[in-house]
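Below is one structure, written out as structure tokens; the observations come after it.
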Amino acid sequence: MTDLANAGHPDWLRPDWDVPGVGALMTTRRGGVSERPFAGMNIRAGLGDDPAAVAHNQALLAASIGAKPVYLDQVHGHGVVRLTSSHVGGLPQADASVCTEPGLACTVQVADCLPVLFAAPGARGVAGAHAGWRGLSAGVLEATLESLCEAAACAPAEVQVWLGPCIGPRRFEVGADVLRAFGTDASDETSALFRPHAPGKWMADLAGLARQRLRAAGVTQLSGGDWCTFEDDSRFFSFRRDGVTGRMVAAIWLERRV
């Protein structure tokens, strides 16, 4: 584990932004010790993986980022929790977190849903949100952005936002209930974010829906969202592809000032 401390695995993803004082990354399935079907960097306990392997992987993440990850009990909603040191070791029920304390990491666990990381200017705050279609349609990104802007005293246009990997628009088949959740008319065949696929089925662009909502909320600095978890089984966990599988984690934190 020591060879990756303070660096992380070279395959892990990092936002292509430059925000001094903010650290951020997302794991892939490479770098951990879990065995199939959870191989190798499964970060989530309770899925059937060896608890010792999960603990090793979580310790590796913590050592790699130099901060204490705070995991959430994600429920596909729009709740946002403001992290403090009291949350370390707990499991607050929410789908997003905001933090203004150095040394704590906001985390998002995913295996097809979209992880979204937020960085306020001047390293005044960070946030992470778990955006599956239910949470996204319920407003989890808007709620996270509002909470971060309030905590960091900034405007949405000042916040940098990064979208991680999620199930892509060629693989995310949905029904009419998802279209209704986003206020889209199923008879509209011109929608760029819902492409007709089969009777009563559409292919949805989850990252595109997130971009649309973030831009409507005032975000102008937006990147990422170009990977499909379903299509790259060597790199990403995908629940829809595999059923029994592990979870990756996106993390963002304020670095401690020396």
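Going by the structure tokens order, chains are called A, B, ..., each with residues numbered from 1, while ligands are numbered from 1 in the order shown.
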
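Once Pro15 (chain A) and its same-chain neighbours fewer than 4 positions away are set aside, A:Ala24, A:Leu25, A:Met26, A:Leu117, A:Val161, A:Trp162, A:Leu163, A:Gly164, A:Ser223, A:Gly224 remain within 9 Å of it when counting only C-alpha atoms.
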
Selection from above, C-alpha atoms, as an mmCIF file, in the first residue's frame, can you write it?
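Below you can see result_7.cif, which holds the result:
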data_model
loop_
_atom_site.group_PDB
_atom_site.id
_atom_site.type_symbol
_atom_site.label_atom_id
_atom_site.label_comp_id
_atom_site.auth_asym_id
_atom_site.auth_seq_id
_atom_site.Cartn_x
_atom_site.Cartn_y
_atom_site.Cartn_z
ATOM 1 C CA ALA A 24 -9.783 15.685 -6.137
ATOM 2 C CA LEU A 25 -9.743 12.267 -7.770
ATOM 3 C CA MET A 26 -11.875 9.320 -8.723
ATOM 4 C CA LEU A 117 -17.461 17.258 -7.794
ATOM 5 C CA VAL A 161 -17.667 21.452 -11.580
ATOM 6 C CA TRP A 162 -16.393 18.092 -12.815
ATOM 7 C CA LEU A 163 -18.495 15.152 -13.988
ATOM 8 C CA GLY A 164 -17.022 11.704 -13.492
ATOM 9 C CA SER A 223 -15.793 19.623 -17.493
ATOM 10 C CA GLY A 224 -15.655 15.813 -17.597
#

| said: Need the shell around region 52-58 of chain A: protein/DNA/RNA residues with any atom at most 8 Å away, counting only C-alpha atoms. Skip same-chain ones fewer than 6 positions apart. Format as a list in words? | reply: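 Close residues of region 52-58 of chain A: Gly32, Val33, Ser34, Met41, Asn42, Ile43, Arg44 and Ala45 of chain A.
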
Go ahead and save the residues from that selection, with N, CA and C atoms, as a tab-separated table (two decimals), in the first residue's frame.
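Dumped everything to again10.tsv:
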chain	number	residue	atom	x	y	z
A	32	GLY	N	-6.74	-1.92	-6.15
A	32	GLY	CA	-7.12	-2.51	-4.87
A	32	GLY	C	-6.83	-3.99	-4.81
A	33	VAL	N	-7.34	-4.65	-3.76
A	33	VAL	CA	-7.04	-6.06	-3.53
A	33	VAL	C	-8.27	-6.95	-3.57
A	34	SER	N	-9.44	-6.42	-3.86
A	34	SER	CA	-10.64	-7.25	-3.92
A	34	SER	C	-10.56	-8.24	-5.08
A	41	MET	N	-10.52	-2.48	-6.83
A	41	MET	CA	-10.57	-1.36	-5.89
A	41	MET	C	-12.02	-1.09	-5.46
A	42	ASN	N	-12.70	-2.15	-4.97
A	42	ASN	CA	-14.05	-1.93	-4.44
A	42	ASN	C	-13.94	-1.16	-3.13
A	43	ILE	N	-14.67	-0.06	-3.04
A	43	ILE	CA	-14.56	0.82	-1.88
A	43	ILE	C	-15.74	0.67	-0.92
A	44	ARG	N	-16.74	-0.13	-1.30
A	44	ARG	CA	-17.97	-0.17	-0.50
A	44	ARG	C	-18.16	-1.51	0.20
A	45	ALA	N	-18.43	-1.44	1.48
A	45	ALA	CA	-18.73	-2.63	2.27
A	45	ALA	C	-20.19	-3.03	2.10

| task | Please run DSSP on the backbone and report, as a count of residues only, all residues within region 9-258 of chain A that come out as strand (DSSP E). | result | 60

| request: Find the residues near Gly125 (chain A): any atom within 12 Å, counting only C-alpha atoms, skip ones fewer than 3 places away on the same chain, and give them as a VMD selection string. | output: chain A and resid 19 to 23 82 to 83 97 to 106 117 to 122 128 144 to 145 147 to 154 158 to 160 252 to 255

Could the residues in this selection be saved with N, CA and C atoms as a compact mmCIF listing (two decimals), in the first residue's frame?
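Listing of part.txt after writing:
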# COMPACT_ATOMS: atom_id res chain seq x y z
N VAL A 19 -7.26 24.27 -9.32
CA VAL A 19 -7.84 24.95 -8.16
C VAL A 19 -6.86 24.79 -7.00
N PRO A 20 -5.95 25.73 -6.80
CA PRO A 20 -4.98 25.60 -5.71
C PRO A 20 -5.67 25.40 -4.37
N GLY A 21 -5.14 24.44 -3.60
CA GLY A 21 -5.70 24.16 -2.29
C GLY A 21 -6.79 23.12 -2.27
N VAL A 22 -7.17 22.62 -3.45
CA VAL A 22 -8.22 21.61 -3.55
C VAL A 22 -7.64 20.35 -4.17
N GLY A 23 -7.88 19.21 -3.54
CA GLY A 23 -7.50 17.93 -4.11
C GLY A 23 -8.75 17.18 -4.55
N ARG A 82 -23.67 19.01 5.58
CA ARG A 82 -22.48 19.84 5.77
C ARG A 82 -21.52 19.07 6.68
N LEU A 83 -20.37 18.65 6.15
CA LEU A 83 -19.46 17.79 6.89
C LEU A 83 -18.66 18.55 7.94
N SER A 97 -22.58 16.04 -0.15
CA SER A 97 -21.96 16.64 1.02
C SER A 97 -21.18 17.87 0.62
N VAL A 98 -21.09 18.79 1.57
CA VAL A 98 -20.35 20.04 1.41
C VAL A 98 -19.37 20.14 2.57
N CYS A 99 -18.17 20.65 2.30
CA CYS A 99 -17.18 20.76 3.37
C CYS A 99 -16.35 22.02 3.22
N THR A 100 -16.11 22.68 4.34
CA THR A 100 -15.22 23.85 4.38
C THR A 100 -14.06 23.63 5.34
N GLU A 101 -13.91 22.40 5.86
CA GLU A 101 -12.83 22.07 6.78
C GLU A 101 -11.74 21.30 6.07
N PRO A 102 -10.50 21.77 6.09
CA PRO A 102 -9.40 20.99 5.50
C PRO A 102 -9.25 19.64 6.20
N GLY A 103 -8.84 18.64 5.41
CA GLY A 103 -8.57 17.33 5.98
C GLY A 103 -9.71 16.36 5.94
N LEU A 104 -10.91 16.80 5.53
CA LEU A 104 -12.06 15.91 5.35
C LEU A 104 -12.38 15.83 3.87
N ALA A 105 -12.76 14.65 3.41
CA ALA A 105 -13.06 14.47 1.99
C ALA A 105 -14.53 14.15 1.77
N CYS A 106 -15.19 14.91 0.92
CA CYS A 106 -16.51 14.56 0.43
C CYS A 106 -16.35 13.38 -0.54
N LEU A 117 -18.30 16.57 -8.77
CA LEU A 117 -17.46 17.26 -7.79
C LEU A 117 -17.49 18.76 -8.04
N PHE A 118 -17.52 19.53 -6.95
CA PHE A 118 -17.64 20.98 -7.00
C PHE A 118 -16.49 21.61 -6.21
N ALA A 119 -15.87 22.65 -6.77
CA ALA A 119 -14.80 23.37 -6.07
C ALA A 119 -15.09 24.87 -6.10
N ALA A 120 -15.23 25.46 -4.92
CA ALA A 120 -15.46 26.90 -4.81
C ALA A 120 -14.13 27.64 -5.00
N PRO A 121 -14.19 28.90 -5.38
CA PRO A 121 -12.94 29.66 -5.60
C PRO A 121 -12.19 29.90 -4.30
N GLY A 122 -10.87 30.02 -4.43
CA GLY A 122 -10.06 30.33 -3.27
C GLY A 122 -10.01 29.23 -2.24
N GLY A 128 -19.46 17.20 -3.13
CA GLY A 128 -19.63 16.07 -4.02
C GLY A 128 -21.07 15.63 -4.02
N THR A 144 -26.94 20.92 -4.00
CA THR A 144 -25.52 20.91 -3.64
C THR A 144 -24.87 22.23 -3.98
N LEU A 145 -25.14 22.74 -5.16
CA LEU A 145 -24.57 24.01 -5.58
C LEU A 145 -25.00 25.13 -4.65
N SER A 147 -25.96 24.92 -1.53
CA SER A 147 -25.33 24.75 -0.22
C SER A 147 -23.86 25.16 -0.25
N LEU A 148 -23.16 24.80 -1.30
CA LEU A 148 -21.75 25.18 -1.41
C LEU A 148 -21.60 26.69 -1.55
N CYS A 149 -22.41 27.30 -2.38
CA CYS A 149 -22.32 28.75 -2.58
C CYS A 149 -22.61 29.50 -1.28
N GLU A 150 -23.55 28.99 -0.50
CA GLU A 150 -23.85 29.61 0.79
C GLU A 150 -22.68 29.44 1.76
N ALA A 151 -22.11 28.25 1.80
CA ALA A 151 -21.01 27.97 2.74
C ALA A 151 -19.73 28.72 2.36
N ALA A 152 -19.50 28.88 1.05
CA ALA A 152 -18.25 29.49 0.58
C ALA A 152 -18.42 30.94 0.15
N ALA A 153 -19.61 31.48 0.29
CA ALA A 153 -19.88 32.87 -0.08
C ALA A 153 -19.43 33.17 -1.50
N CYS A 154 -19.99 32.42 -2.45
CA CYS A 154 -19.62 32.62 -3.84
C CYS A 154 -20.86 32.46 -4.72
N GLU A 158 -18.77 31.05 -10.25
CA GLU A 158 -17.41 30.96 -9.74
C GLU A 158 -17.00 29.53 -9.40
N VAL A 159 -17.95 28.63 -9.37
CA VAL A 159 -17.69 27.25 -8.95
C VAL A 159 -17.25 26.41 -10.15
N GLN A 160 -16.20 25.64 -9.97
CA GLN A 160 -15.76 24.69 -10.99
C GLN A 160 -16.40 23.33 -10.69
N ILE A 252 -13.26 14.64 -3.02
CA ILE A 252 -12.75 16.00 -3.13
C ILE A 252 -12.56 16.55 -1.73
N TRP A 253 -11.47 17.28 -1.54
CA TRP A 253 -11.13 17.75 -0.19
C TRP A 253 -10.32 19.05 -0.27
N LEU A 254 -10.33 19.78 0.84
CA LEU A 254 -9.49 20.95 0.99
C LEU A 254 -8.17 20.51 1.61
N GLU A 255 -7.08 20.87 0.96
CA GLU A 255 -5.77 20.48 1.48
C GLU A 255 -5.41 21.31 2.71

| query | Which of region 6-205 of chain A counts as helix (DSSP H, G or I) under DSSP, as a PyMOL selection string please? | reply | chain A and resi 51-65+85-87+121-123+133-138+140-152+156-158+176-181

For the selection just defined, write its residues with C-alpha atoms to a file, as a tab-separated table (two decimals), in the first residue's frame.
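Once everything was written out, this is again22.tsv:
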chain	number	residue	atom	x	y	z
A	51	PRO	CA	-14.57	-7.01	4.57
A	52	ALA	CA	-10.80	-7.12	5.02
A	53	ALA	CA	-10.29	-6.32	1.32
A	54	VAL	CA	-12.74	-3.41	1.50
A	55	ALA	CA	-11.01	-2.07	4.62
A	56	HIS	CA	-7.64	-2.31	2.85
A	57	ASN	CA	-9.00	-0.45	-0.18
A	58	GLN	CA	-10.53	2.28	1.98
A	59	ALA	CA	-7.25	2.66	3.87
A	60	LEU	CA	-5.42	2.92	0.56
A	61	LEU	CA	-7.73	5.72	-0.55
A	62	ALA	CA	-7.26	7.62	2.71
A	63	ALA	CA	-3.47	7.28	2.48
A	64	SER	CA	-3.50	8.33	-1.17
A	65	ILE	CA	-5.42	11.55	-0.60
A	85	SER	CA	-15.05	16.19	11.98
A	86	SER	CA	-17.97	14.64	13.92
A	87	HIS	CA	-19.00	12.78	10.74
A	121	PRO	CA	-12.94	29.66	-5.60
A	122	GLY	CA	-10.06	30.33	-3.27
A	123	ALA	CA	-10.36	26.84	-1.75
A	133	TRP	CA	-31.61	9.76	-12.48
A	134	ARG	CA	-33.83	9.93	-9.39
A	135	GLY	CA	-31.58	12.29	-7.47
A	136	LEU	CA	-30.82	14.31	-10.57
A	137	SER	CA	-34.49	14.83	-11.39
A	138	ALA	CA	-35.18	15.66	-7.71
A	140	VAL	CA	-29.59	17.08	-5.99
A	141	LEU	CA	-27.16	19.10	-8.11
A	142	GLU	CA	-29.01	22.36	-7.58
A	143	ALA	CA	-29.25	21.68	-3.85
A	144	THR	CA	-25.52	20.91	-3.64
A	145	LEU	CA	-24.57	24.01	-5.58
A	146	GLU	CA	-26.79	26.20	-3.41
A	147	SER	CA	-25.33	24.75	-0.22
A	148	LEU	CA	-21.75	25.18	-1.41
A	149	CYS	CA	-22.32	28.75	-2.58
A	150	GLU	CA	-23.85	29.61	0.79
A	151	ALA	CA	-21.01	27.97	2.74
A	152	ALA	CA	-18.25	29.49	0.58
A	156	PRO	CA	-22.54	29.57	-9.12
A	157	ALA	CA	-20.49	31.00	-11.99
A	158	GLU	CA	-17.41	30.96	-9.74
A	176	ALA	CA	-41.43	6.69	-19.79
A	177	ASP	CA	-41.27	7.17	-16.00
A	178	VAL	CA	-37.79	8.64	-16.33
A	179	LEU	CA	-38.89	11.02	-19.08
A	180	ARG	CA	-41.79	12.18	-16.91
A	181	ALA	CA	-39.44	12.76	-13.99

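Atom pair CA of Ala39 (chain A) / CA of His76 (chain A): separated by 24.8 Å.
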
| task | Considering only C-alpha atoms, state which residue in the set A:Arg30, A:Ala67, A:Pro37, A:Gly168 is at the smallest distance from Arg256 (chain A). | result |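 Smallest distance to Arg256 (chain A) is found for A:Ala67.
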
| query | Given the choices A:Gln93, A:Thr107, A:Thr220, A:Thr28, which gets closest to His78 (chain A) if the distance is worked out from only C-alpha atoms? | reply |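 Looking only at the distances to His78 (chain A), the closest residue turns out to be A:Gln93.
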
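Each of A:Trp202, A:Thr84, A:Cys166, A:Val70 was checked against Asp185 (chain A) using only C-alpha atoms; the smallest atom-to-atom distance is that of A:Trp202.
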
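Relative to CA of Leu206 (chain A), CA of Asp242 (chain A) is found at 19.0 Å.
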